[in-house]
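Student: What follows is a single structure, and I will ask about it in a moment.
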Amino acid sequence: MVLLEPSRRRLRVQLRISERQAQQMLAMLQPSSPSAKRDLPSVLGALHGIYATKLPAVLAARMVRHGLAKDTAEAAAPVDRLMKAVASSLSKFLTQRAAQLAAAVAEPPGGVTISITFSELTKGKLGGELPAPEVSVHSGWKYSGQ
């Protein structure tokens, strides 16, 4: 789910992770064997598989709709930068705060929502260096406006 709010200079991407997917990620984050290592690359790969196919088209459509690009071709370069920023922020989140994801998965069943929020995002910044997004995780499926 993508919420683009140009008037508030904010873009929020929410990844809704099913309970099954979340439990699989938890098994990679907290292996049952004490000698096994956390498998952060596999978790990152699983997350990438959730958003990588649809997110670029959704971002491009939102940018065109809100007048941040005249068409999807013009939106291609900013979308590519946004996708790289999403991947980078998720990697940093997993490296530094994987325990937060594990705690959200451990909550009662209902999946997990990971929110990636770009603040102070302007048309000019879409064409250049993007602000670092904030990543948060919540148990259950959260609506974009929350």
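As shown in the structure tokens, the chain order sets the letters A, B, ...; within each chain, residues go from 1, and ligands are also counted from 1 in the order they appear.
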Please provide as a PyMOL selection string all residues within 12 Å of Leu3 of chain A, with the sequence filter that same-chain residues fewer than 4 positions apart are discarded (counting only C-alpha atoms).
Tutor: chain A and resi 7-15+55+58-59+61-63+65-66+115-119+143-146
Student: As a PDB file with N, CA and C atoms, in the first residue's frame, which residues of segment 5-96 of chain A does DSSP assign to alpha helix (DSSP H)?
Tutor:
```pdb
ATOM      1  N   GLU A  19       0.629 -13.701   8.125  1.00  0.00           N
ATOM      2  CA  GLU A  19       1.098 -14.430   9.314  1.00  0.00           C
ATOM      3  C   GLU A  19       2.071 -15.542   8.911  1.00  0.00           C
ATOM      4  N   ARG A  20       1.761 -16.255   7.853  1.00  0.00           N
ATOM      5  CA  ARG A  20       2.637 -17.341   7.392  1.00  0.00           C
ATOM      6  C   ARG A  20       4.003 -16.793   6.987  1.00  0.00           C
ATOM      7  N   GLN A  21       4.010 -15.720   6.184  1.00  0.00           N
ATOM      8  CA  GLN A  21       5.270 -15.115   5.762  1.00  0.00           C
ATOM      9  C   GLN A  21       6.051 -14.596   6.970  1.00  0.00           C
ATOM     10  N   ALA A  22       5.342 -13.978   7.902  1.00  0.00           N
ATOM     11  CA  ALA A  22       5.984 -13.435   9.099  1.00  0.00           C
ATOM     12  C   ALA A  22       6.629 -14.545   9.926  1.00  0.00           C
ATOM     13  N   GLN A  23       5.944 -15.661  10.065  1.00  0.00           N
ATOM     14  CA  GLN A  23       6.507 -16.780  10.831  1.00  0.00           C
ATOM     15  C   GLN A  23       7.736 -17.352  10.135  1.00  0.00           C
ATOM     16  N   GLN A  24       7.710 -17.404   8.805  1.00  0.00           N
ATOM     17  CA  GLN A  24       8.886 -17.870   8.064  1.00  0.00           C
ATOM     18  C   GLN A  24      10.071 -16.936   8.285  1.00  0.00           C
ATOM     19  N   MET A  25       9.804 -15.631   8.286  1.00  0.00           N
ATOM     20  CA  MET A  25      10.872 -14.655   8.537  1.00  0.00           C
ATOM     21  C   MET A  25      11.398 -14.786   9.964  1.00  0.00           C
ATOM     22  N   LEU A  26      10.497 -15.025  10.903  1.00  0.00           N
ATOM     23  CA  LEU A  26      10.906 -15.193  12.297  1.00  0.00           C
ATOM     24  C   LEU A  26      11.845 -16.383  12.436  1.00  0.00           C
ATOM     25  N   ALA A  27      11.553 -17.461  11.731  1.00  0.00           N
ATOM     26  CA  ALA A  27      12.423 -18.643  11.787  1.00  0.00           C
ATOM     27  C   ALA A  27      13.820 -18.311  11.256  1.00  0.00           C
ATOM     28  N   MET A  28      13.907 -17.396  10.285  1.00  0.00           N
ATOM     29  CA  MET A  28      15.218 -16.983   9.766  1.00  0.00           C
ATOM     30  C   MET A  28      15.922 -16.029  10.734  1.00  0.00           C
ATOM     31  N   LEU A  29      15.124 -15.239  11.457  1.00  0.00           N
ATOM     32  CA  LEU A  29      15.701 -14.279  12.405  1.00  0.00           C
ATOM     33  C   LEU A  29      16.106 -14.937  13.714  1.00  0.00           C
ATOM     34  N   LEU A  40      19.748 -12.827   7.810  1.00  0.00           N
ATOM     35  CA  LEU A  40      19.202 -11.539   7.393  1.00  0.00           C
ATOM     36  C   LEU A  40      19.082 -11.402   5.875  1.00  0.00           C
ATOM     37  N   PRO A  41      20.045 -11.913   5.077  1.00  0.00           N
ATOM     38  CA  PRO A  41      19.882 -11.803   3.619  1.00  0.00           C
ATOM     39  C   PRO A  41      18.617 -12.508   3.104  1.00  0.00           C
ATOM     40  N   SER A  42      18.269 -13.637   3.695  1.00  0.00           N
ATOM     41  CA  SER A  42      17.057 -14.340   3.265  1.00  0.00           C
ATOM     42  C   SER A  42      15.800 -13.573   3.662  1.00  0.00           C
ATOM     43  N   VAL A  43      15.821 -12.943   4.838  1.00  0.00           N
ATOM     44  CA  VAL A  43      14.679 -12.130   5.256  1.00  0.00           C
ATOM     45  C   VAL A  43      14.530 -10.945   4.313  1.00  0.00           C
ATOM     46  N   LEU A  44      15.647 -10.293   4.007  1.00  0.00           N
ATOM     47  CA  LEU A  44      15.611  -9.166   3.074  1.00  0.00           C
ATOM     48  C   LEU A  44      15.115  -9.619   1.704  1.00  0.00           C
ATOM     49  N   GLY A  45      15.550 -10.790   1.264  1.00  0.00           N
ATOM     50  CA  GLY A  45      15.082 -11.339  -0.011  1.00  0.00           C
ATOM     51  C   GLY A  45      13.590 -11.628   0.007  1.00  0.00           C
ATOM     52  N   ALA A  46      13.099 -12.144   1.118  1.00  0.00           N
ATOM     53  CA  ALA A  46      11.663 -12.414   1.237  1.00  0.00           C
ATOM     54  C   ALA A  46      10.867 -11.115   1.189  1.00  0.00           C
ATOM     55  N   LEU A  47      11.351 -10.086   1.869  1.00  0.00           N
ATOM     56  CA  LEU A  47      10.676  -8.788   1.832  1.00  0.00           C
ATOM     57  C   LEU A  47      10.706  -8.208   0.416  1.00  0.00           C
ATOM     58  N   HIS A  48      11.847  -8.320  -0.232  1.00  0.00           N
ATOM     59  CA  HIS A  48      11.974  -7.833  -1.615  1.00  0.00           C
ATOM     60  C   HIS A  48      10.970  -8.520  -2.523  1.00  0.00           C
ATOM     61  N   GLY A  49      10.772  -9.804  -2.319  1.00  0.00           N
ATOM     62  CA  GLY A  49       9.803 -10.546  -3.118  1.00  0.00           C
ATOM     63  C   GLY A  49       8.373 -10.067  -2.921  1.00  0.00           C
ATOM     64  N   ILE A  50       8.100  -9.474  -1.774  1.00  0.00           N
ATOM     65  CA  ILE A  50       6.749  -8.990  -1.483  1.00  0.00           C
ATOM     66  C   ILE A  50       6.461  -7.683  -2.217  1.00  0.00           C
ATOM     67  N   TYR A  51       7.458  -6.801  -2.293  1.00  0.00           N
ATOM     68  CA  TYR A  51       7.174  -5.482  -2.850  1.00  0.00           C
ATOM     69  C   TYR A  51       7.746  -5.207  -4.240  1.00  0.00           C
ATOM     70  N   LEU A  55       5.387  -2.582  -6.589  1.00  0.00           N
ATOM     71  CA  LEU A  55       5.641  -1.253  -6.046  1.00  0.00           C
ATOM     72  C   LEU A  55       6.106  -0.235  -7.096  1.00  0.00           C
ATOM     73  N   PRO A  56       7.005  -0.577  -8.018  1.00  0.00           N
ATOM     74  CA  PRO A  56       7.429   0.437  -8.995  1.00  0.00           C
ATOM     75  C   PRO A  56       6.267   1.024  -9.802  1.00  0.00           C
ATOM     76  N   ALA A  57       5.354   0.191 -10.262  1.00  0.00           N
ATOM     77  CA  ALA A  57       4.219   0.682 -11.048  1.00  0.00           C
ATOM     78  C   ALA A  57       3.284   1.532 -10.188  1.00  0.00           C
ATOM     79  N   VAL A  58       3.092   1.137  -8.952  1.00  0.00           N
ATOM     80  CA  VAL A  58       2.217   1.901  -8.056  1.00  0.00           C
ATOM     81  C   VAL A  58       2.840   3.268  -7.765  1.00  0.00           C
ATOM     82  N   LEU A  59       4.133   3.292  -7.477  1.00  0.00           N
ATOM     83  CA  LEU A  59       4.810   4.566  -7.224  1.00  0.00           C
ATOM     84  C   LEU A  59       4.729   5.482  -8.435  1.00  0.00           C
ATOM     85  N   ALA A  60       4.983   4.948  -9.615  1.00  0.00           N
ATOM     86  CA  ALA A  60       4.931   5.758 -10.832  1.00  0.00           C
ATOM     87  C   ALA A  60       3.530   6.323 -11.046  1.00  0.00           C
ATOM     88  N   ALA A  61       2.515   5.494 -10.861  1.00  0.00           N
ATOM     89  CA  ALA A  61       1.129   5.958 -11.040  1.00  0.00           C
ATOM     90  C   ALA A  61       0.783   7.055 -10.034  1.00  0.00           C
ATOM     91  N   ARG A  62       1.221   6.907  -8.791  1.00  0.00           N
ATOM     92  CA  ARG A  62       0.944   7.930  -7.781  1.00  0.00           C
ATOM     93  C   ARG A  62       1.648   9.245  -8.125  1.00  0.00           C
ATOM     94  N   MET A  63       2.876   9.147  -8.605  1.00  0.00           N
ATOM     95  CA  MET A  63       3.622  10.350  -8.969  1.00  0.00           C
ATOM     96  C   MET A  63       2.944  11.094 -10.113  1.00  0.00           C
ATOM     97  N   VAL A  64       2.455  10.362 -11.100  1.00  0.00           N
ATOM     98  CA  VAL A  64       1.750  10.991 -12.226  1.00  0.00           C
ATOM     99  C   VAL A  64       0.448  11.604 -11.724  1.00  0.00           C
ATOM    100  N   ARG A  65      -0.301  10.871 -10.930  1.00  0.00           N
ATOM    101  CA  ARG A  65      -1.582  11.361 -10.428  1.00  0.00           C
ATOM    102  C   ARG A  65      -1.439  12.653  -9.633  1.00  0.00           C
ATOM    103  N   THR A  72       4.687   8.079 -16.810  1.00  0.00           N
ATOM    104  CA  THR A  72       5.446   7.023 -16.125  1.00  0.00           C
ATOM    105  C   THR A  72       6.904   6.973 -16.581  1.00  0.00           C
ATOM    106  N   ALA A  73       7.166   7.402 -17.808  1.00  0.00           N
ATOM    107  CA  ALA A  73       8.557   7.425 -18.284  1.00  0.00           C
ATOM    108  C   ALA A  73       9.369   8.433 -17.474  1.00  0.00           C
ATOM    109  N   GLU A  74       8.777   9.602 -17.217  1.00  0.00           N
ATOM    110  CA  GLU A  74       9.468  10.619 -16.420  1.00  0.00           C
ATOM    111  C   GLU A  74       9.609  10.164 -14.970  1.00  0.00           C
ATOM    112  N   ALA A  75       8.697   9.344 -14.515  1.00  0.00           N
ATOM    113  CA  ALA A  75       8.731   8.862 -13.129  1.00  0.00           C
ATOM    114  C   ALA A  75       9.750   7.739 -12.929  1.00  0.00           C
ATOM    115  N   ALA A  76      10.249   7.165 -14.019  1.00  0.00           N
ATOM    116  CA  ALA A  76      11.102   5.975 -13.913  1.00  0.00           C
ATOM    117  C   ALA A  76      12.348   6.193 -13.055  1.00  0.00           C
ATOM    118  N   ALA A  77      13.069   7.275 -13.275  1.00  0.00           N
ATOM    119  CA  ALA A  77      14.308   7.508 -12.508  1.00  0.00           C
ATOM    120  C   ALA A  77      14.008   7.753 -11.026  1.00  0.00           C
ATOM    121  N   PRO A  78      13.035   8.622 -10.681  1.00  0.00           N
ATOM    122  CA  PRO A  78      12.724   8.778  -9.250  1.00  0.00           C
ATOM    123  C   PRO A  78      12.232   7.478  -8.609  1.00  0.00           C
ATOM    124  N   VAL A  79      11.450   6.706  -9.342  1.00  0.00           N
ATOM    125  CA  VAL A  79      10.965   5.429  -8.806  1.00  0.00           C
ATOM    126  C   VAL A  79      12.149   4.498  -8.533  1.00  0.00           C
ATOM    127  N   ASP A  80      13.115   4.481  -9.433  1.00  0.00           N
ATOM    128  CA  ASP A  80      14.300   3.647  -9.235  1.00  0.00           C
ATOM    129  C   ASP A  80      15.042   4.074  -7.961  1.00  0.00           C
ATOM    130  N   ARG A  81      15.181   5.380  -7.759  1.00  0.00           N
ATOM    131  CA  ARG A  81      15.839   5.872  -6.532  1.00  0.00           C
ATOM    132  C   ARG A  81      15.029   5.500  -5.290  1.00  0.00           C
ATOM    133  N   LEU A  82      13.708   5.617  -5.381  1.00  0.00           N
ATOM    134  CA  LEU A  82      12.857   5.242  -4.248  1.00  0.00           C
ATOM    135  C   LEU A  82      12.987   3.754  -3.937  1.00  0.00           C
ATOM    136  N   MET A  83      13.008   2.929  -4.959  1.00  0.00           N
ATOM    137  CA  MET A  83      13.135   1.484  -4.743  1.00  0.00           C
ATOM    138  C   MET A  83      14.464   1.147  -4.067  1.00  0.00           C
ATOM    139  N   LYS A  84      15.533   1.807  -4.501  1.00  0.00           N
ATOM    140  CA  LYS A  84      16.838   1.580  -3.874  1.00  0.00           C
ATOM    141  C   LYS A  84      16.831   2.050  -2.423  1.00  0.00           C
ATOM    142  N   ALA A  85      16.160   3.169  -2.161  1.00  0.00           N
ATOM    143  CA  ALA A  85      16.080   3.681  -0.792  1.00  0.00           C
ATOM    144  C   ALA A  85      15.258   2.755   0.105  1.00  0.00           C
ATOM    145  N   VAL A  86      14.189   2.196  -0.441  1.00  0.00           N
ATOM    146  CA  VAL A  86      13.382   1.239   0.322  1.00  0.00           C
ATOM    147  C   VAL A  86      14.234   0.018   0.675  1.00  0.00           C
ATOM    148  N   ALA A  87      14.933  -0.530  -0.313  1.00  0.00           N
ATOM    149  CA  ALA A  87      15.775  -1.711  -0.067  1.00  0.00           C
ATOM    150  C   ALA A  87      16.862  -1.405   0.960  1.00  0.00           C
ATOM    151  N   SER A  88      17.507  -0.263   0.812  1.00  0.00           N
ATOM    152  CA  SER A  88      18.573   0.123   1.725  1.00  0.00           C
ATOM    153  C   SER A  88      18.044   0.326   3.142  1.00  0.00           C
ATOM    154  N   SER A  89      16.887   0.978   3.262  1.00  0.00           N
ATOM    155  CA  SER A  89      16.334   1.226   4.597  1.00  0.00           C
ATOM    156  C   SER A  89      15.903  -0.074   5.270  1.00  0.00           C
ATOM    157  N   LEU A  90      15.362  -1.010   4.499  1.00  0.00           N
ATOM    158  CA  LEU A  90      14.990  -2.307   5.072  1.00  0.00           C
ATOM    159  C   LEU A  90      16.225  -3.081   5.523  1.00  0.00           C
ATOM    160  N   SER A  91      17.286  -3.016   4.729  1.00  0.00           N
ATOM    161  CA  SER A  91      18.531  -3.689   5.099  1.00  0.00           C
ATOM    162  C   SER A  91      19.084  -3.111   6.399  1.00  0.00           C
ATOM    163  N   LYS A  92      19.095  -1.790   6.498  1.00  0.00           N
ATOM    164  CA  LYS A  92      19.580  -1.137   7.716  1.00  0.00           C
ATOM    165  C   LYS A  92      18.691  -1.489   8.902  1.00  0.00           C
ATOM    166  N   PHE A  93      17.386  -1.490   8.694  1.00  0.00           N
ATOM    167  CA  PHE A  93      16.444  -1.838   9.756  1.00  0.00           C
ATOM    168  C   PHE A  93      16.710  -3.256  10.267  1.00  0.00           C
ATOM    169  N   LEU A  94      16.849  -4.206   9.353  1.00  0.00           N
ATOM    170  CA  LEU A  94      17.076  -5.595   9.761  1.00  0.00           C
ATOM    171  C   LEU A  94      18.416  -5.747  10.480  1.00  0.00           C
ATOM    172  N   THR A  95      19.417  -5.020  10.019  1.00  0.00           N
ATOM    173  CA  THR A  95      20.738  -5.111  10.643  1.00  0.00           C
ATOM    174  C   THR A  95      20.722  -4.552  12.059  1.00  0.00           C
ATOM    175  N   GLN A  96      20.019  -3.421  12.239  1.00  0.00           N
ATOM    176  CA  GLN A  96      20.067  -2.730  13.527  1.00  0.00           C
ATOM    177  C   GLN A  96      18.907  -3.070  14.457  1.00  0.00           C
TER     178      GLN A  96
END
```
Student: Residues of segment 36-140 of chain A classed as strand (DSSP E) by DSSP on the backbone are to be reported as a ChimeraX atom specification.
Tutor: /A:112-119,134-139
Student: Which residue out of A:Trp141, A:Glu134, A:Pro108, A:Lys123 has the minimum interatomic distance to Pro6 of chain A when only C-alpha atoms are used?
Tutor: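 When distances to Pro6 of chain A are compared using only C-alpha atoms, the smallest one comes from A:Lys123.
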